[in-house]
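Below is one structure; the comments refer to it alone.
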Amino acid sequence: GCSSEDESVSNERGVLRIGALPGGEDEYRRREQYQPFMELLERELDMDVELYLGSDFTATIEAMRANKVDIVSYGPLSYILAADIADAEAFALSSREDYGIFLESYIIVHEDSDIYEVSDLKGKTFAFVDPASTGGYLIPRLSMVENGIDPDADLASAVFVGNHDACAAAVINKNVDASTIVMSAYYNGIDEGRINPEEIRIINISDPFPAGPWAWRKSLDDTLKEDIKRIFFNMTDEEIALCQEVFARNHVGFEEAEDSFWDSLRKAAELIELDLKSSI
Amino acid sequence: MLSLIKKINNEWCLAIDIPKDWKSIFKIFFWIVLFLMTLTWSVKGTQFNLYRISLGIEGISDILSRMFPPNINIVSRLIKPTIETIQMSIVGTLLAITLSIPLGVLGARNITPNPLLYGVSRFILNALRAVPEVIFAIIFVSAVGLGPFPGTLAIGVSSSGMLGKFLGDSIENIDPGSLEALESTGANKIQAIVYAVIPQILPEFVSLGLFRWEMNFRASTILGIVGAGGIGFELMTSMRLFKYQEMTMTLIVILTVVALVDFIASTIRKKII
Amino acid sequence: MLSLIKKINNEWCLAIDIPKDWKSIFKIFFWIVLFLMTLTWSVKGTQFNLYRISLGIEGISDILSRMFPPNINIVSRLIKPTIETIQMSIVGTLLAITLSIPLGVLGARNITPNPLLYGVSRFILNALRAVPEVIFAIIFVSAVGLGPFPGTLAIGVSSSGMLGKFLGDSIENIDPGSLEALESTGANKIQAIVYAVIPQILPEFVSLGLFRWEMNFRASTILGIVGAGGIGFELMTSMRLFKYQEMTMTLIVILTVVALVDFIASTIRKKII
Amino acid sequence: MLEIRNLSKTYNNKVIALKNVSLTVNKGEFAMVLGLSGAGKSTLIRSINGLISVEAGSIEFEGVSVSNKENINKIRKDIGIIFQQFNIIKRLTVLENVLCGRLAYSNTIMSSLKLFKKKDINWALDCIERVGLKEKAYVRSDQLSGGQQQRVGIARALAQQPKLILADEPVASLDPYSAEEILELLTEINKKEGITMLMSLHNVMLAKKYGNRILGIKNGILVFDKQVIGLTEKEMQLIYTMDTSLIKEKQQAV
Amino acid sequence: MLEIRNLSKTYNNKVIALKNVSLTVNKGEFAMVLGLSGAGKSTLIRSINGLISVEAGSIEFEGVSVSNKENINKIRKDIGIIFQQFNIIKRLTVLENVLCGRLAYSNTIMSSLKLFKKKDINWALDCIERVGLKEKAYVRSDQLSGGQQQRVGIARALAQQPKLILADEPVASLDPYSAEEILELLTEINKKEGITMLMSLHNVMLAKKYGNRILGIKNGILVFDKQVIGLTEKEMQLIYTMDTSLIKEKQQAV
Ligand SMILES: Nc1ncnc2c1ncn2[C@@H]1O[C@H](COP(=O)(O)OP(=O)(O)OP(=O)(O)O)[C@@H](O)[C@H]1O
Ligand SMILES: Nc1ncnc2c1ncn2[C@@H]1O[C@H](COP(=O)(O)OP(=O)(O)OP(=O)(O)O)[C@@H](O)[C@H]1O
Ligand SMILES: [Mg+2]
Ligand SMILES: [Mg+2]
């Protein structure tokens, strides 16, 4: 769990509360990974730092709305929701060595499958990640719609398996005919031996979409905001190397984030909002 | 204050025989202290603090205000998942009842044919409860593929742990006199169960079975994982996307079913009590 | 075959008074048919098919083989979440018991002071059960922030629905004679509860409370959502990452706690039955 | 002090248990109810303190109607009842069971904590001693023999210090020695403290010996109501024979 | 047919309920057990068919030990027992309760479906009629009066057609008329069918009238064991008085 005994004090009295997802690790390891980053913040800001690892963002967004959490590393769609509901404001965007500040989402099938393009998905079973996922739900739906497949009517059944790795596994184990996976998870899976690229065929690559930002709540103290931003953008290479795993395996630095950067996703979100009106 | 205690001591008396030997007193004291220590330790660990709730009234009223009014427009969309969930919960619960009866009967100390079987079935029941539905769902998906079927199996197998445990407990609770009477006629175990145990546990077991049905209906998020929709999945989806007014509508549908099941249960119980 | 039935009909006789008027027969017939139809409809809807399971033995054995042997190395990592979960489940369950007692007492037909209060508390109990823990968790997060506290509150409030319902049911089940005797002395409701109701429901309620404790321990995925870890969260993580041998180890830890609680429960019940 | 007018009770719209029963019990009386098994004795006794709702007739205790929900607790405080099936709470000790008779006189909070005034506890222990269970005072009631359980029920009613004691077969499970001792105890209470008694009894000899008035019930009808002195053997026979001609007469008279 | 040797029973290591009881009951006897409330009568009766485990002594029924777990069901089939607290199953009808006595003779599957041979049902109905409950055969037992419930327990034991009937206060809740009727019924069965009877009874008069042998129990000790003929009033007094000198003598003799 979390450390501080008296966490009812607000940040004015010296606590900065960070929210994040465990992101493919167990909690214990994730906390270890965050340790250097938190120490860095504590040192530079001269305040206590607390970490909350939520299994999804719902509670975290509500907490931000109620001023109970200060900065959060969001996923793209969660950020849009958070900006909408909790007055979250993006301030930094992790830039990756290989694919920058954009991500792509793939639609994959098993090597043996006779599905070669998106339009073949008609009447097949499909695995999504979860309804609040960008690369695992919003984007692949968009791809289907663009290719003339109505994901609600044309798929035989749609499964929500919880994370990207599970999507790949569902295809590899032939539990479903096809699934979606975000590129970062795909390559991490290959690196760590969970995915054998020989067994998988990518039948669709989406347009690039913006990755998720670090965001704070707008009501946060302005000088504190300044300080945080300063730390994020002035990390030395050693510090980045120390905190590497917090941001991304191949994180190289931060870029300034503008809220309008996610407008393209908002348009897509509007689309699924419509789509969600019909039964999944 | 002190004089009040004295007065109590002079005028009042405890109607329970207080043990006089030191060993018993120490034992009672030990358990009380252990309990209080555990409680303090847990309260500290969970940062339990009632004062903090009172500070958060604002947050609660904010979130509640966003939940109302419920969005009635989505009702038509909820019909199909509701029906699916009802079907799944009916079959799952019947499966669970079927599985739980032998385990519960063997796991009741007063009618089990032998202590080893008692231990084994209590162990199985514990294990069935320790494994969450999701894991059963995954196992069954790998056996029969996706769809409502593996979800139903998961619900059935997983529910049987709770039903069997309570069945065993309530059999152990029955009036020993009537069981003695049955045994005295030379009736065998099965006959003793039919004539002495069933009449006595039936109201409780019906109530329990219907509760588990209701619980299975509510717990149908599992269906989302195996690709079979369900009302619980609808609920989670609207929650995750912060469509709180739709969420409230879904909750109302669930509440309706819960209240209906509760009504059925109390009607049946009134008949057989 | 036909002769067998005839023989049965000649030699055997049902020991139950079969109703002779057409209305009653029709009523029984109606309920049987309704039940069978519902069952068929549900079986069809869930694609329930036992034959398909037999085909899937291979899949099951494959997944089970990947779960063994359990990965013992992670045990040290599981200690902290286990302790946190135990703390949270203790406080949550005590909170639930506290909340459920007034609701359960008012919601028992035989001791409720008035039918309106009965209806109201049964409704509240239904509503408390209809709303899933997660939703309570989110509501409490907006009040008190992230951490184990909102999770504990959510567990407490949400469990009280089940505890209160069963408390009410088991109060309704008690021997009416002893309640009559108490009322006959002119004792008031509270005294009747202490002297006639509590002694009779105590074994059942202890068993129920401890079961709910166990259930809260198992259901601690909720803690993951509010950012407070817990053993359930560990379990889900290892499952989602396909670390099945770690998952098995976590399951063993959970099973140990479940068995321990079960043991405590049966020890206490043996003492007070 | 007790006025019953035209009382009738039919269970499940089928079993007629009481039919048009009217009777008056005066303060200080010791009235015995006799009748065959199933005649309606328990039904009569239980309806007096409102445990059974009757469909016709009225019952008044000291001028207050028993069907009046508001006064029922006050009335019940003044009526002690000894049940045929004992109705003691098996998981409580003998003392706790007997103290139930003191609840109406005790502070709710204190009694809920099992705290009683010393004089209440002493009085309860006294009652326990009077029924001969002194040594069993702190024993759980389910560890008692049949007769001992019945005596717990008696002690509970005594502890209540009521104005009227209703007793439904109070000595059925007792040996003749203990039975007479209990009846003598009740007679003493009746004489000395003026507590009225209404008792059903199967033992005719004992009924005549201890009661001063006999109420005969047959098939739910009160077939006679006489002082013990002057009661003939023939009249007595009436309630225990299957001959129904006399009942019919009685019925027409009502 | 029944051989009890040096039977002792102590509850909770505290209450001595039976002390060194030895007795033999022969086929066809009608033995009455008398004693004060709490003397140990129920304990004796219940230990005979193995419901209570004793810590010392042996019980043999027709040469087979009751403590032998394997034979217990066969033995119990041959021993009918009438309980002091009735122990009927309240949620079953009278007929179903009485048919419980036929279970040992019935097919397990059929009886579980509440199907019985016609002759079993007729026999059960017969037993019900003999205890005078014909009209209540299909009534749920919790809707019966106290005496009616007791008669259901008796009918169940009769339905069993046992070799030995153990009866613990079988007529305590019955009016004198019904009580004698039941005892006459049992005597008839004892005489005509040679079924042995061992019965505890509180009514000394009835015990002498119907029994042919009296067993007196006091404080767990069998203080006398005599034929009814030749039993003196003084001996009878022995069990019902608090005088313990005679018991001490007896105790030393054992
Ligand atoms: N709860 C009930 N439901 C239906 N019928 C009942 C109920 N209680 C009693 N009866 C019936 O009412 C009649 C009178 O019963 P009651 O208990 O008053 O008899 P009683 O005179 O006390 O007999 P006993 O001496 O055997 O106790 C009986 O025929 C009995 O079967
Ligand atoms: N389960 C028990 N646990 C402890 N003591 C018991 C238990 N059952 C009976 N006793 C005690 O054993 C003694 C003998 O009891 P038993 O029931 O044999 O008496 P009894 O002769 O049948 O009396 P009664 O005529 O009152 O039914 C009594 O003192 C009783 O309190
Ligand atoms: Mg009666
Ligand atoms: Mg006895």
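Note on naming: chains are A, B, ... as they come in the structure tokens, residues start from 1 per chain, ligands start from 1 in the order shown.
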
Superposition of chain C onto chain B by least squares over all sequentially paired C-alpha atoms; the transformed chain is requested as a CSV table (one decimal) with C-alpha atoms, in the first residue's frame.
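Contents of the output file out05.csv:
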```csv
chain,number,residue,atom,x,y,z
C,1,MET,CA,-17.4,8.8,38.4
C,2,LEU,CA,-15.7,6.5,40.8
C,3,SER,CA,-18.7,6.6,43.1
C,4,LEU,CA,-21.0,5.7,40.2
C,5,ILE,CA,-18.9,2.6,39.5
C,6,LYS,CA,-19.0,1.8,43.2
C,7,LYS,CA,-22.8,2.2,43.1
C,8,ILE,CA,-23.0,-0.1,40.1
C,9,ASN,CA,-20.8,-2.6,41.9
C,10,ASN,CA,-23.0,-2.5,45.0
C,11,GLU,CA,-26.4,-2.5,43.4
C,12,TRP,CA,-25.8,-4.4,40.2
C,13,CYS,CA,-24.7,-7.9,39.6
C,14,LEU,CA,-23.7,-9.8,36.5
C,15,ALA,CA,-25.9,-12.8,35.7
C,16,ILE,CA,-23.1,-14.8,34.3
C,17,ASP,CA,-21.0,-17.1,36.3
C,18,ILE,CA,-17.6,-15.4,36.3
C,19,PRO,CA,-14.8,-18.0,36.3
C,20,LYS,CA,-12.9,-17.8,39.5
C,21,ASP,CA,-9.7,-19.7,38.6
C,22,TRP,CA,-6.8,-17.5,37.3
C,23,LYS,CA,-6.3,-19.6,34.2
C,24,SER,CA,-9.8,-18.9,32.8
C,25,ILE,CA,-9.6,-15.2,33.7
C,26,PHE,CA,-6.2,-15.0,32.0
C,27,LYS,CA,-7.6,-16.7,29.0
C,28,ILE,CA,-10.5,-14.4,28.6
C,29,PHE,CA,-8.2,-11.4,29.2
C,30,PHE,CA,-5.8,-12.7,26.6
C,31,TRP,CA,-8.5,-13.0,23.9
C,32,ILE,CA,-9.8,-9.5,24.6
C,33,VAL,CA,-6.4,-7.9,24.4
C,34,LEU,CA,-5.6,-9.9,21.3
C,35,PHE,CA,-8.8,-8.7,19.6
C,36,LEU,CA,-8.2,-5.1,20.6
C,37,MET,CA,-4.7,-5.2,19.4
C,38,THR,CA,-5.6,-6.7,16.1
C,39,LEU,CA,-8.3,-4.1,15.7
C,40,THR,CA,-6.0,-1.2,16.4
C,41,TRP,CA,-3.4,-2.6,14.1
C,42,SER,CA,-5.9,-3.0,11.3
C,43,VAL,CA,-7.5,0.5,11.8
C,44,LYS,CA,-4.0,2.0,11.6
C,45,GLY,CA,-3.1,0.0,8.5
C,46,THR,CA,-6.3,1.0,6.7
C,47,GLN,CA,-5.9,4.6,7.7
C,48,PHE,CA,-9.5,4.4,9.0
C,49,ASN,CA,-10.6,7.8,10.1
C,50,LEU,CA,-14.2,8.8,10.5
C,51,TYR,CA,-13.4,12.4,10.7
C,52,ARG,CA,-12.1,12.3,7.1
C,53,ILE,CA,-15.4,11.1,5.8
C,54,SER,CA,-17.2,14.1,7.3
C,55,LEU,CA,-14.8,16.3,5.4
C,56,GLY,CA,-15.6,14.5,2.2
C,57,ILE,CA,-19.4,15.1,2.2
C,58,GLU,CA,-18.9,17.6,-0.6
C,59,GLY,CA,-17.1,15.1,-2.8
C,60,ILE,CA,-19.8,12.5,-2.2
C,61,SER,CA,-22.6,15.0,-3.0
C,62,ASP,CA,-20.8,16.0,-6.2
C,63,ILE,CA,-20.5,12.5,-7.5
C,64,LEU,CA,-24.1,11.7,-6.5
C,65,SER,CA,-25.4,14.8,-8.3
C,66,ARG,CA,-23.6,13.6,-11.4
C,67,MET,CA,-25.4,10.3,-11.1
C,68,PHE,CA,-28.9,11.8,-11.3
C,69,PRO,CA,-31.2,11.8,-13.1
C,70,PRO,CA,-30.8,8.4,-14.5
C,71,ASN,CA,-30.6,8.2,-18.2
C,72,ILE,CA,-33.8,6.5,-19.2
C,73,ASN,CA,-33.0,6.3,-22.9
C,74,ILE,CA,-30.7,3.4,-22.5
C,75,VAL,CA,-33.3,1.1,-21.1
C,76,SER,CA,-34.0,-0.5,-24.4
C,77,ARG,CA,-30.3,-1.3,-24.8
C,78,LEU,CA,-30.2,-3.0,-21.4
C,79,ILE,CA,-32.9,-5.5,-22.1
C,80,LYS,CA,-30.8,-8.0,-24.0
C,81,PRO,CA,-27.9,-8.0,-21.5
C,82,THR,CA,-30.3,-8.3,-18.6
C,83,ILE,CA,-32.0,-11.3,-20.2
C,84,GLU,CA,-28.6,-12.9,-21.0
C,85,THR,CA,-27.5,-12.4,-17.4
C,86,ILE,CA,-30.7,-13.8,-16.0
C,87,GLN,CA,-30.3,-17.0,-18.1
C,88,MET,CA,-26.7,-17.4,-17.2
C,89,SER,CA,-27.4,-16.8,-13.5
C,90,ILE,CA,-30.2,-19.4,-13.5
C,91,VAL,CA,-28.1,-22.1,-15.1
C,92,GLY,CA,-25.0,-21.2,-13.1
C,93,THR,CA,-26.9,-21.3,-9.8
C,94,LEU,CA,-28.6,-24.6,-10.6
C,95,LEU,CA,-25.3,-26.1,-11.5
C,96,ALA,CA,-23.8,-24.7,-8.2
C,97,ILE,CA,-26.7,-26.2,-6.2
C,98,THR,CA,-26.1,-29.6,-7.8
C,99,LEU,CA,-22.4,-29.5,-7.1
C,100,SER,CA,-22.8,-28.2,-3.5
C,101,ILE,CA,-25.2,-30.8,-2.2
C,102,PRO,CA,-22.9,-33.7,-2.0
C,103,LEU,CA,-20.0,-31.5,-0.8
C,104,GLY,CA,-22.2,-29.9,1.8
C,105,VAL,CA,-23.7,-33.2,3.1
C,106,LEU,CA,-20.3,-34.8,3.4
C,107,GLY,CA,-19.0,-31.6,5.0
C,108,ALA,CA,-21.4,-31.6,7.9
C,109,ARG,CA,-20.0,-33.1,11.0
C,110,ASN,CA,-23.2,-34.6,12.2
C,111,ILE,CA,-24.1,-36.6,9.2
C,112,THR,CA,-20.8,-37.2,7.3
C,113,PRO,CA,-20.2,-41.0,7.0
C,114,ASN,CA,-16.6,-40.6,8.0
C,115,PRO,CA,-14.2,-37.8,9.3
C,116,LEU,CA,-11.8,-38.2,6.4
C,117,LEU,CA,-14.6,-37.4,3.9
C,118,TYR,CA,-15.5,-34.5,6.1
C,119,GLY,CA,-12.0,-33.1,5.9
C,120,VAL,CA,-11.7,-33.7,2.2
C,121,SER,CA,-15.0,-32.0,1.3
C,122,ARG,CA,-14.3,-29.1,3.6
C,123,PHE,CA,-11.0,-28.7,1.9
C,124,ILE,CA,-12.5,-28.8,-1.6
C,125,LEU,CA,-15.1,-26.2,-0.5
C,126,ASN,CA,-12.3,-23.9,0.8
C,127,ALA,CA,-10.4,-24.4,-2.4
C,128,LEU,CA,-13.5,-23.6,-4.6
C,129,ARG,CA,-13.9,-20.4,-2.7
C,130,ALA,CA,-10.2,-19.5,-2.8
C,131,VAL,CA,-10.1,-19.5,-6.6
C,132,PRO,CA,-11.9,-16.5,-8.0
C,133,GLU,CA,-14.5,-16.8,-10.8
C,134,VAL,CA,-12.2,-15.2,-13.3
C,135,ILE,CA,-9.7,-18.0,-13.0
C,136,PHE,CA,-12.4,-20.6,-13.5
C,137,ALA,CA,-13.6,-18.6,-16.4
C,138,ILE,CA,-10.2,-18.7,-18.1
C,139,ILE,CA,-9.8,-22.4,-17.4
C,140,PHE,CA,-13.2,-23.1,-19.0
C,141,VAL,CA,-12.5,-20.8,-21.9
C,142,SER,CA,-9.5,-23.0,-22.8
C,143,ALA,CA,-11.9,-26.0,-22.7
C,144,VAL,CA,-14.9,-24.7,-24.5
C,145,GLY,CA,-14.0,-21.4,-26.1
C,146,LEU,CA,-15.4,-18.0,-25.6
C,147,GLY,CA,-19.1,-17.2,-25.0
C,148,PRO,CA,-21.7,-17.5,-22.3
C,149,PHE,CA,-21.1,-21.2,-21.7
C,150,PRO,CA,-17.6,-20.9,-20.0
C,151,GLY,CA,-18.9,-18.0,-18.0
C,152,THR,CA,-21.9,-20.0,-16.8
C,153,LEU,CA,-19.6,-22.9,-15.9
C,154,ALA,CA,-17.3,-20.6,-14.0
C,155,ILE,CA,-20.2,-19.1,-12.0
C,156,GLY,CA,-21.6,-22.6,-11.2
C,157,VAL,CA,-18.3,-24.1,-10.1
C,158,SER,CA,-17.3,-21.1,-8.1
C,159,SER,CA,-20.6,-20.6,-6.4
C,160,SER,CA,-20.7,-24.1,-5.2
C,161,GLY,CA,-17.9,-23.3,-2.7
C,162,MET,CA,-20.1,-20.9,-0.8
C,163,LEU,CA,-23.3,-22.9,-1.2
C,164,GLY,CA,-21.7,-26.1,0.0
C,165,LYS,CA,-20.1,-24.4,3.0
C,166,PHE,CA,-23.3,-22.9,4.2
C,167,LEU,CA,-25.2,-26.1,3.5
C,168,GLY,CA,-22.7,-27.9,5.7
C,169,ASP,CA,-23.0,-25.3,8.4
C,170,SER,CA,-26.8,-25.3,8.5
C,171,ILE,CA,-26.9,-29.1,8.6
C,172,GLU,CA,-24.6,-28.9,11.6
C,173,ASN,CA,-27.1,-26.4,13.1
C,174,ILE,CA,-30.2,-28.6,13.0
C,175,ASP,CA,-31.9,-29.9,16.1
C,176,PRO,CA,-30.0,-33.0,17.2
C,177,GLY,CA,-33.2,-34.5,18.7
C,178,SER,CA,-34.9,-35.1,15.3
C,179,LEU,CA,-31.8,-36.5,13.8
C,180,GLU,CA,-31.5,-38.9,16.8
C,181,ALA,CA,-35.1,-39.9,16.3
C,182,LEU,CA,-34.5,-40.8,12.7
C,183,GLU,CA,-31.4,-42.7,13.5
C,184,SER,CA,-33.2,-44.6,16.2
C,185,THR,CA,-35.6,-46.1,13.7
C,186,GLY,CA,-32.7,-47.7,11.9
C,187,ALA,CA,-33.1,-45.5,8.9
C,188,ASN,CA,-29.9,-45.1,6.8
C,189,LYS,CA,-28.1,-41.8,6.2
C,190,ILE,CA,-29.9,-40.9,3.0
C,191,GLN,CA,-33.3,-41.5,4.6
C,192,ALA,CA,-32.2,-39.5,7.6
C,193,ILE,CA,-31.2,-36.7,5.3
C,194,VAL,CA,-34.6,-36.7,3.5
C,195,TYR,CA,-36.7,-37.0,6.6
C,196,ALA,CA,-34.8,-35.1,9.3
C,197,VAL,CA,-32.3,-32.8,7.6
C,198,ILE,CA,-34.1,-31.5,4.5
C,199,PRO,CA,-37.3,-30.3,6.3
C,200,GLN,CA,-35.3,-28.4,8.7
C,201,ILE,CA,-32.7,-26.7,6.4
C,202,LEU,CA,-35.0,-26.1,3.5
C,203,PRO,CA,-36.1,-22.6,4.3
C,204,GLU,CA,-32.5,-21.6,4.9
C,205,PHE,CA,-31.2,-23.3,1.8
C,206,VAL,CA,-33.9,-21.9,-0.4
C,207,SER,CA,-33.0,-18.5,0.9
C,208,LEU,CA,-29.3,-19.1,0.3
C,209,GLY,CA,-29.8,-20.5,-3.1
C,210,LEU,CA,-31.9,-17.5,-4.2
C,211,PHE,CA,-29.3,-15.2,-2.7
C,212,ARG,CA,-26.6,-16.9,-4.6
C,213,TRP,CA,-28.7,-16.5,-7.7
C,214,GLU,CA,-29.0,-12.8,-7.1
C,215,MET,CA,-25.3,-12.6,-6.4
C,216,ASN,CA,-24.5,-14.4,-9.6
C,217,PHE,CA,-26.8,-12.0,-11.5
C,218,ARG,CA,-24.9,-9.1,-9.9
C,219,ALA,CA,-21.5,-10.6,-10.4
C,220,SER,CA,-21.9,-11.0,-14.1
C,221,THR,CA,-18.9,-8.9,-15.0
C,222,ILE,CA,-17.3,-12.3,-15.5
C,223,LEU,CA,-19.3,-12.6,-18.7
C,224,GLY,CA,-17.6,-9.6,-20.1
C,225,ILE,CA,-14.2,-11.3,-19.7
C,226,VAL,CA,-15.3,-14.3,-21.6
C,227,GLY,CA,-16.8,-12.2,-24.4
C,228,ALA,CA,-20.5,-12.7,-23.6
C,229,GLY,CA,-21.6,-9.2,-22.5
C,230,GLY,CA,-24.1,-9.1,-19.6
C,231,ILE,CA,-25.5,-6.4,-17.4
C,232,GLY,CA,-22.4,-6.2,-15.2
C,233,PHE,CA,-20.3,-5.5,-18.2
C,234,GLU,CA,-22.6,-2.7,-19.2
C,235,LEU,CA,-22.3,-1.3,-15.7
C,236,MET,CA,-18.6,-1.3,-15.7
C,237,THR,CA,-18.4,0.2,-19.1
C,238,SER,CA,-20.6,3.1,-18.3
C,239,MET,CA,-18.7,3.6,-15.0
C,240,ARG,CA,-15.3,3.6,-16.7
C,241,LEU,CA,-16.5,6.0,-19.4
C,242,PHE,CA,-17.9,8.3,-16.7
C,243,LYS,CA,-21.4,8.0,-18.1
C,244,TYR,CA,-22.8,8.2,-14.6
C,245,GLN,CA,-26.4,8.7,-15.5
C,246,GLU,CA,-26.3,5.6,-17.7
C,247,MET,CA,-24.7,3.8,-14.8
C,248,THR,CA,-27.5,4.9,-12.4
C,249,MET,CA,-30.0,3.5,-14.9
C,250,THR,CA,-28.2,0.2,-15.1
C,251,LEU,CA,-28.1,0.1,-11.3
C,252,ILE,CA,-31.8,0.6,-11.2
C,253,VAL,CA,-32.3,-2.3,-13.5
C,254,ILE,CA,-30.1,-4.4,-11.3
C,255,LEU,CA,-31.9,-3.3,-8.1
C,256,THR,CA,-35.2,-4.3,-9.7
C,257,VAL,CA,-34.0,-7.8,-10.3
C,258,VAL,CA,-32.4,-8.0,-6.8
C,259,ALA,CA,-35.7,-6.8,-5.3
C,260,LEU,CA,-37.6,-9.3,-7.4
C,261,VAL,CA,-35.4,-12.2,-6.3
C,262,ASP,CA,-35.7,-11.1,-2.7
C,263,PHE,CA,-39.5,-11.0,-3.0
C,264,ILE,CA,-39.6,-14.5,-4.5
C,265,ALA,CA,-37.3,-15.8,-1.8
C,266,SER,CA,-39.4,-14.4,1.0
C,267,THR,CA,-42.6,-15.6,-0.6
C,268,ILE,CA,-41.2,-19.1,-0.9
C,269,ARG,CA,-39.8,-19.1,2.6
C,270,LYS,CA,-43.1,-17.9,4.1
C,271,LYS,CA,-44.7,-20.9,2.6
C,272,ILE,CA,-42.3,-23.5,3.9
C,273,ILE,CA,-41.1,-22.1,7.2
```

- Message: Which residues are near ligand 3 - at most 7 Å, using only C-alpha atoms and all ligand atoms? Format: as an MDAnalysis selection string.
- Response: (chainID D and resid 37:38 40:42 84 168) or (chainID E and resid 145:147)

- Can you list, as a list in words, every protein, DNA or RNA residue that comes within 6 Å of region 62-78 of chain A when you count only C-alpha atoms, leaving out same-chain residues fewer than 5 positions away?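 So, after excluding close chain neighbours, the residues are Arg17, Ile18, Gly19, Ala20, Ala86, Thr134, Ala211, Gly212, Pro213, Trp214, Ala215, Trp216 and Arg217 of chain A; Val141, Ser142 and Gly145 of chain C.
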
- Task: Could you please extract the residues within 12 Å of ligand 4, counting only C-alpha atoms and all ligand atoms, and hand them back as an MDAnalysis selection string?
- Result: (chainID D and resid 143:150 172:175) or (chainID E and resid 17 33:46 82:86 167:170 172 199:202 217)

- Task: Could you find all residues in region 62-183 of chain A that DSSP calls strand (DSSP E or B) from the backbone, and write them as a PyMOL selection string?
- Result: chain A and resi 71-73+88-96+100+102-103+105-110+125-128+157-160+178-182

- Those of region 3-252 of chain D in DSSP alpha helix (DSSP H), formatted as a PyMOL selection string: chain D and resi 41-48+72-78+94-99+108-112+118-130+146-159+176-193+204-210+233-240+245-252

- Note on the structure: Using only C-alpha atoms and all ligand atoms, the residue out of D:Leu99, D:Val15, D:Leu231, D:Leu215 with shortest distance to ligand 1 is D:Val15

- Using CA of Asn97 (chain E) and CA of Lys19 (chain D) as the two end points, give the distance in Å to one decimal. 29.8 Å

Quick one: which chain D residues come within 6 Å of chain B, and what is the nearest atom pair for each with the distance in Å to one decimal, counting only C-alpha atoms, rows ordered by chain and ascending number, as JSON lines?
```
{"residue": "D:Lys114", "atom": "CA", "partner": "B:Ala15", "partner_atom": "CA", "distance": 5.5}
{"residue": "D:Leu115", "atom": "CA", "partner": "B:Leu14", "partner_atom": "CA", "distance": 4.6}
{"residue": "D:Phe116", "atom": "CA", "partner": "B:Trp12", "partner_atom": "CA", "distance": 5.4}
{"residue": "D:Lys117", "atom": "CA", "partner": "B:Trp12", "partner_atom": "CA", "distance": 4.4}
{"residue": "D:Lys118", "atom": "CA", "partner": "B:Trp12", "partner_atom": "CA", "distance": 5.3}
```

- Task: Up to 10 Å from chain C, what residues of chain A turn up? Count only C-alpha atoms and give them as a ChimeraX atom specification.
- Result: /A:1-3,7-8,17,19-29,51-69,161-167,169,194

- Message: as a count of residues only, please: the residues near region 95-101 of chain A (cut-off 6 Å, only C-alpha atoms, same-chain neighbours under 5 positions excluded).
- Response: 6

- Task: Within 7 Å of Asp78 (chain E), counting only C-alpha atoms, which residues show up once you throw out same-chain ones fewer than 5 positions away? Write them as a ChimeraX atom specification, please.
- Result: /E:162-164
